[in-house]
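Colleague: Got a file for you: input_21.tsv, TSV, N, CA and C atoms.
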chain	number	residue	atom	x	y	z
G	740	MET	N	6.30	5.51	15.84
G	740	MET	CA	6.89	6.45	14.93
G	740	MET	C	5.88	6.88	13.87
G	741	GLY	N	4.61	6.92	14.23
G	741	GLY	CA	3.58	7.36	13.31
G	741	GLY	C	3.36	8.84	13.41
G	742	LYS	N	2.29	9.26	12.84
G	742	LYS	CA	1.95	10.67	12.90
G	742	LYS	C	1.51	11.04	14.30
G	743	ASP	N	1.83	12.24	14.69
G	743	ASP	CA	1.34	12.73	15.97
G	743	ASP	C	-0.15	13.01	15.85
G	744	VAL	N	-0.91	12.55	16.79
G	744	VAL	CA	-2.35	12.78	16.78
G	744	VAL	C	-2.61	14.15	17.39
G	745	ILE	N	-3.27	15.00	16.63
G	745	ILE	CA	-3.60	16.34	17.11
G	745	ILE	C	-5.08	16.34	17.43
G	746	LYS	N	-5.39	16.49	18.70
G	746	LYS	CA	-6.79	16.53	19.11
G	746	LYS	C	-7.26	17.97	19.08
G	747	THR	N	-8.44	18.15	18.56
G	747	THR	CA	-9.01	19.49	18.49
G	747	THR	C	-10.34	19.51	19.20
G	748	LYS	N	-10.76	20.68	19.58
G	748	LYS	CA	-12.07	20.82	20.17
G	748	LYS	C	-12.67	22.14	19.69
G	749	ILE	N	-13.95	22.22	19.69
G	749	ILE	CA	-14.63	23.43	19.25
G	749	ILE	C	-14.53	24.46	20.36
G	750	GLN	N	-14.04	25.63	20.00
G	750	GLN	CA	-13.88	26.70	20.96
G	750	GLN	C	-15.18	27.50	21.07
G	751	ALA	N	-15.24	28.40	22.02
G	751	ALA	CA	-16.45	29.19	22.25
G	751	ALA	C	-16.82	30.04	21.04
G	752	ASP	N	-15.80	30.49	20.26
G	752	ASP	CA	-16.10	31.33	19.09
G	752	ASP	C	-16.43	30.50	17.85
G	753	GLY	N	-16.47	29.17	17.99
G	753	GLY	CA	-16.84	28.30	16.88
G	753	GLY	C	-15.67	27.78	16.08
G	754	LEU	N	-14.45	28.26	16.32
G	754	LEU	CA	-13.29	27.78	15.60
G	754	LEU	C	-12.83	26.44	16.16
G	755	ARG	N	-12.34	25.60	15.29
G	755	ARG	CA	-11.89	24.30	15.73
G	755	ARG	C	-10.40	24.09	15.46
G	756	TYR	N	-9.93	24.50	14.30
G	756	TYR	CA	-8.58	24.17	13.91
G	756	TYR	C	-7.60	25.29	14.23
G	757	LYS	N	-6.47	24.93	14.80
G	757	LYS	CA	-5.41	25.89	15.05
G	757	LYS	C	-4.26	25.69	14.06
G	758	VAL	N	-4.12	24.49	13.51
G	758	VAL	CA	-2.99	24.19	12.65
G	758	VAL	C	-3.38	23.96	11.20
G	759	LYS	N	-4.64	23.99	10.89
G	759	LYS	CA	-5.10	23.73	9.54
G	759	LYS	C	-4.82	24.95	8.65
G	760	GLU	N	-4.32	24.68	7.43
G	760	GLU	CA	-4.07	25.76	6.49
G	760	GLU	C	-5.39	26.23	5.91
G	761	GLY	N	-5.48	27.50	5.69
G	761	GLY	CA	-6.69	28.05	5.10
G	761	GLY	C	-6.68	27.92	3.59
G	762	GLY	N	-7.81	28.15	2.99
G	762	GLY	CA	-7.90	28.14	1.54
G	762	GLY	C	-8.30	26.79	0.98
G	763	SER	N	-8.38	26.75	-0.32
G	763	SER	CA	-8.80	25.55	-1.03
G	763	SER	C	-7.67	25.04	-1.91
G	764	PRO	N	-7.51	23.74	-2.02
G	764	PRO	CA	-6.48	23.22	-2.92
G	764	PRO	C	-6.83	23.46	-4.39
G	765	PHE	N	-8.07	23.85	-4.67
G	765	PHE	CA	-8.52	24.06	-6.03
G	765	PHE	C	-8.61	25.54	-6.37
G	766	ALA	N	-7.98	26.39	-5.60
G	766	ALA	CA	-8.05	27.83	-5.84
G	766	ALA	C	-7.44	28.17	-7.19
G	767	SER	N	-8.04	29.08	-7.85
G	767	SER	CA	-7.57	29.51	-9.16
G	767	SER	C	-6.35	30.41	-9.00
G	768	ALA	N	-5.55	30.47	-10.03
G	768	ALA	CA	-4.34	31.29	-9.99
G	768	ALA	C	-4.62	32.73	-10.39
G	769	GLY	N	-5.84	33.18	-10.24
G	769	GLY	CA	-6.19	34.55	-10.57
G	769	GLY	C	-7.05	34.63	-11.81
G	770	ASP	N	-6.73	33.86	-12.82
G	770	ASP	CA	-7.50	33.85	-14.05
G	770	ASP	C	-8.53	32.74	-13.98
G	771	PHE	N	-9.76	33.04	-14.37
G	771	PHE	CA	-10.83	32.04	-14.30
G	771	PHE	C	-10.48	30.80	-15.12
G	772	GLN	N	-9.81	30.98	-16.23
G	772	GLN	CA	-9.46	29.85	-17.09
G	772	GLN	C	-8.35	28.99	-16.49
G	773	ALA	N	-7.59	29.51	-15.53
G	773	ALA	CA	-6.47	28.76	-14.97
G	773	ALA	C	-6.89	27.82	-13.85
G	774	GLY	N	-8.13	27.88	-13.41
G	774	GLY	CA	-8.60	27.05	-12.31
G	774	GLY	C	-8.86	25.62	-12.73
G	775	THR	N	-9.41	24.84	-11.83
G	775	THR	CA	-9.73	23.46	-12.12
G	775	THR	C	-11.24	23.25	-12.04
G	776	MET	N	-11.67	22.19	-12.67
G	776	MET	CA	-13.06	21.76	-12.60
G	776	MET	C	-13.04	20.25	-12.49
G	777	SER	N	-14.11	19.68	-11.98
G	777	SER	CA	-14.17	18.24	-11.90
G	777	SER	C	-14.83	17.68	-13.15
G	778	CYS	N	-14.35	16.52	-13.57
G	778	CYS	CA	-14.93	15.82	-14.71
G	778	CYS	C	-16.29	15.27	-14.30
G	779	PHE	N	-17.27	15.40	-15.16
G	779	PHE	CA	-18.62	14.93	-14.86
G	779	PHE	C	-18.64	13.40	-14.75
G	780	LEU	N	-17.77	12.71	-15.49
G	780	LEU	CA	-17.79	11.25	-15.51
G	780	LEU	C	-16.97	10.62	-14.38
G	781	CYS	N	-15.71	11.06	-14.20
G	781	CYS	CA	-14.86	10.41	-13.20
G	781	CYS	C	-14.76	11.20	-11.90
G	782	GLY	N	-15.11	12.49	-11.91
G	782	GLY	CA	-15.11	13.30	-10.69
G	782	GLY	C	-13.76	13.86	-10.29
G	783	LYS	N	-12.69	13.58	-11.04
G	783	LYS	CA	-11.37	14.08	-10.69
G	783	LYS	C	-11.23	15.53	-11.13
G	784	HIS	N	-10.54	16.34	-10.32
G	784	HIS	CA	-10.29	17.73	-10.67
G	784	HIS	C	-9.13	17.80	-11.64
G	785	ARG	N	-9.35	18.50	-12.71
G	785	ARG	CA	-8.33	18.67	-13.75
G	785	ARG	C	-8.33	20.14	-14.19
G	786	PRO	N	-7.20	20.62	-14.73
G	786	PRO	CA	-7.19	21.99	-15.27
G	786	PRO	C	-8.25	22.13	-16.36
G	787	ARG	N	-8.84	23.32	-16.43
G	787	ARG	CA	-9.93	23.53	-17.39
G	787	ARG	C	-9.51	23.29	-18.83
G	788	ASN	N	-8.24	23.55	-19.16
G	788	ASN	CA	-7.81	23.38	-20.55
G	788	ASN	C	-7.65	21.91	-20.93
G	789	THR	N	-7.74	20.98	-19.98
G	789	THR	CA	-7.66	19.56	-20.32
G	789	THR	C	-9.05	18.91	-20.37
G	790	LEU	N	-10.09	19.71	-20.22
G	790	LEU	CA	-11.45	19.19	-20.29
G	790	LEU	C	-12.11	19.61	-21.60
G	791	LYS	N	-13.07	18.81	-22.03
G	791	LYS	CA	-13.86	19.19	-23.20
G	791	LYS	C	-15.33	19.17	-22.81
G	792	THR	N	-16.15	19.82	-23.59
G	792	THR	CA	-17.57	19.87	-23.31
G	792	THR	C	-18.27	18.79	-24.12
G	793	ARG	N	-19.10	18.02	-23.44
G	793	ARG	CA	-19.86	16.96	-24.09
G	793	ARG	C	-21.30	17.05	-23.63
G	794	ARG	N	-22.22	16.76	-24.52
G	794	ARG	CA	-23.63	16.83	-24.18
G	794	ARG	C	-24.05	15.52	-23.52
G	795	LEU	N	-24.38	15.60	-22.22
G	795	LEU	CA	-24.82	14.44	-21.45
G	795	LEU	C	-26.09	14.80	-20.71
G	796	LEU	N	-27.05	13.91	-20.73
G	796	LEU	CA	-28.32	14.10	-20.03
G	796	LEU	C	-29.00	15.42	-20.43
G	797	GLY	N	-28.86	15.77	-21.71
G	797	GLY	CA	-29.51	16.96	-22.22
G	797	GLY	C	-28.86	18.27	-21.83
G	798	LYS	N	-27.63	18.22	-21.30
G	798	LYS	CA	-26.95	19.43	-20.86
G	798	LYS	C	-25.46	19.31	-21.18
G	799	ALA	N	-24.82	20.42	-21.45
G	799	ALA	CA	-23.39	20.43	-21.72
G	799	ALA	C	-22.63	20.21	-20.41
G	800	GLN	N	-21.79	19.19	-20.37
G	800	GLN	CA	-21.01	18.87	-19.18
G	800	GLN	C	-19.52	18.84	-19.55
G	801	HIS	N	-18.66	19.15	-18.60
G	801	HIS	CA	-17.22	19.10	-18.82
G	801	HIS	C	-16.72	17.70	-18.47
G	802	VAL	N	-15.99	17.09	-19.40
G	802	VAL	CA	-15.43	15.75	-19.20
G	802	VAL	C	-13.96	15.76	-19.62
G	803	CYS	N	-13.22	14.76	-19.15
G	803	CYS	CA	-11.81	14.64	-19.50
G	803	CYS	C	-11.65	14.47	-21.01
G	804	ALA	N	-10.60	15.07	-21.56
G	804	ALA	CA	-10.32	14.93	-22.99
G	804	ALA	C	-9.01	14.19	-23.15
G	805	PRO	N	-8.87	13.26	-24.02
G	805	PRO	CA	-9.88	12.61	-24.87
G	805	PRO	C	-10.76	11.62	-24.11
G	806	SER	N	-10.26	11.03	-23.01
G	806	SER	CA	-11.09	10.17	-22.17
G	806	SER	C	-10.51	10.18	-20.76
G	807	CYS	N	-11.31	9.72	-19.80
G	807	CYS	CA	-10.86	9.71	-18.40
G	807	CYS	C	-9.66	8.78	-18.22
G	808	LYS	N	-9.69	7.64	-18.90
G	808	LYS	CA	-8.61	6.66	-18.76
G	808	LYS	C	-7.29	7.23	-19.29
G	809	GLU	N	-7.34	7.88	-20.45
G	809	GLU	CA	-6.13	8.46	-21.03
G	809	GLU	C	-5.63	9.65	-20.21
G	810	ALA	N	-6.54	10.43	-19.66
G	810	ALA	CA	-6.15	11.57	-18.83
G	810	ALA	C	-5.46	11.08	-17.55
G	811	GLU	N	-5.97	10.00	-16.97
G	811	GLU	CA	-5.36	9.42	-15.76
G	811	GLU	C	-3.95	8.91	-16.07
G	812	ALA	N	-3.78	8.23	-17.22
G	812	ALA	CA	-2.47	7.72	-17.61
G	812	ALA	C	-1.50	8.86	-17.84
G	813	ALA	N	-1.95	9.93	-18.48
G	813	ALA	CA	-1.08	11.09	-18.73
G	813	ALA	C	-0.70	11.76	-17.42
G	814	GLY	N	-1.63	11.85	-16.48
G	814	GLY	CA	-1.34	12.44	-15.18
G	814	GLY	C	-0.34	11.61	-14.39
G	815	ALA	N	-0.47	10.29	-14.45
G	815	ALA	CA	0.46	9.41	-13.75
G	815	ALA	C	1.86	9.50	-14.37
G	816	GLN	N	1.90	9.59	-15.70
G	816	GLN	CA	3.18	9.70	-16.39
G	816	GLN	C	3.85	11.03	-16.05
G	817	LYS	N	3.09	12.10	-15.99
G	817	LYS	CA	3.64	13.42	-15.66
G	817	LYS	C	4.15	13.44	-14.23
G	818	ALA	N	3.42	12.78	-13.30
G	818	ALA	CA	3.85	12.72	-11.91
G	818	ALA	C	5.14	11.93	-11.76
G	819	ALA	N	5.28	10.85	-12.52
G	819	ALA	CA	6.48	10.04	-12.46
G	819	ALA	C	7.67	10.81	-13.02
G	820	THR	N	7.46	11.57	-14.07
G	820	THR	CA	8.53	12.37	-14.67
G	820	THR	C	8.97	13.46	-13.72
G	821	THR	N	8.02	14.10	-13.06
G	821	THR	CA	8.34	15.16	-12.11
G	821	THR	C	9.09	14.62	-10.89
G	822	ALA	N	8.75	13.41	-10.46
G	822	ALA	CA	9.40	12.82	-9.29
G	822	ALA	C	10.85	12.46	-9.56
G	823	THR	N	11.18	12.11	-10.80
G	823	THR	CA	12.54	11.70	-11.11
G	823	THR	C	13.45	12.89	-11.39
G	824	VAL	N	12.88	14.06	-11.65
G	824	VAL	CA	13.71	15.24	-11.97
G	824	VAL	C	14.27	15.85	-10.72
Translate this file's structure into structure tokens.

Modeller:
Amino acid sequence: MGKDVIKTKIQADGLRYKVKEGGSPFASAGDFQAGTMSCFLCGKHRPRNTLKTRRLLGKAQHVCAPSCKEAEAAGAQKAATTATV
């Protein structure tokens, strides 16, 4: 009763997937500010408005605000709230 295994093969035109959805899970909603970026420290994708700019290694990098640990806790709390509604 597990997942059905879907075997794929490369076709002559180079396509492989017939059932895979196109696009990116990180696609922006039209506005550049509405998209996501990854945190330089933890690597998780977060909305741009939840990141802050910090100078690391001589360059401005985007990191979680106020910290990666607090952002993860807030994300987990938001997910739990959404699941119960």

Colleague: Using only C-alpha atoms, which residue out of G:Gln750, G:Cys803, G:Lys798, G:Ala812 lies closest to G:Met776?

Modeller: G:Cys803

Colleague: Quick one, how far is atom N of G:Thr789 from atom N of G:Lys808?

Modeller: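 These two atoms are separated by 13.5 Å.
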
Colleague: How far is it from atom CA of G:Asn788 to atom CA of G:Ala819, in Å with one decimal?

Modeller: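 A separation of 21.2 Å between them.
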
Colleague: What is the atom C of G:Gln800 to atom N of G:Phe779 distance in Å?

Modeller: 6.0 Å

Colleague: With 3 Å of padding per side, what axis-aligned box (centre and edge lengths, Å, one decimal) covers all the listed atoms of stretch 813-819 of chain G? Give it as AutoDock Vina command-line options.

Modeller:
--center_x 2.9 --center_y 11.4 --center_z -15.2 --size_x 15.6 --size_y 10.0 --size_z 13.0
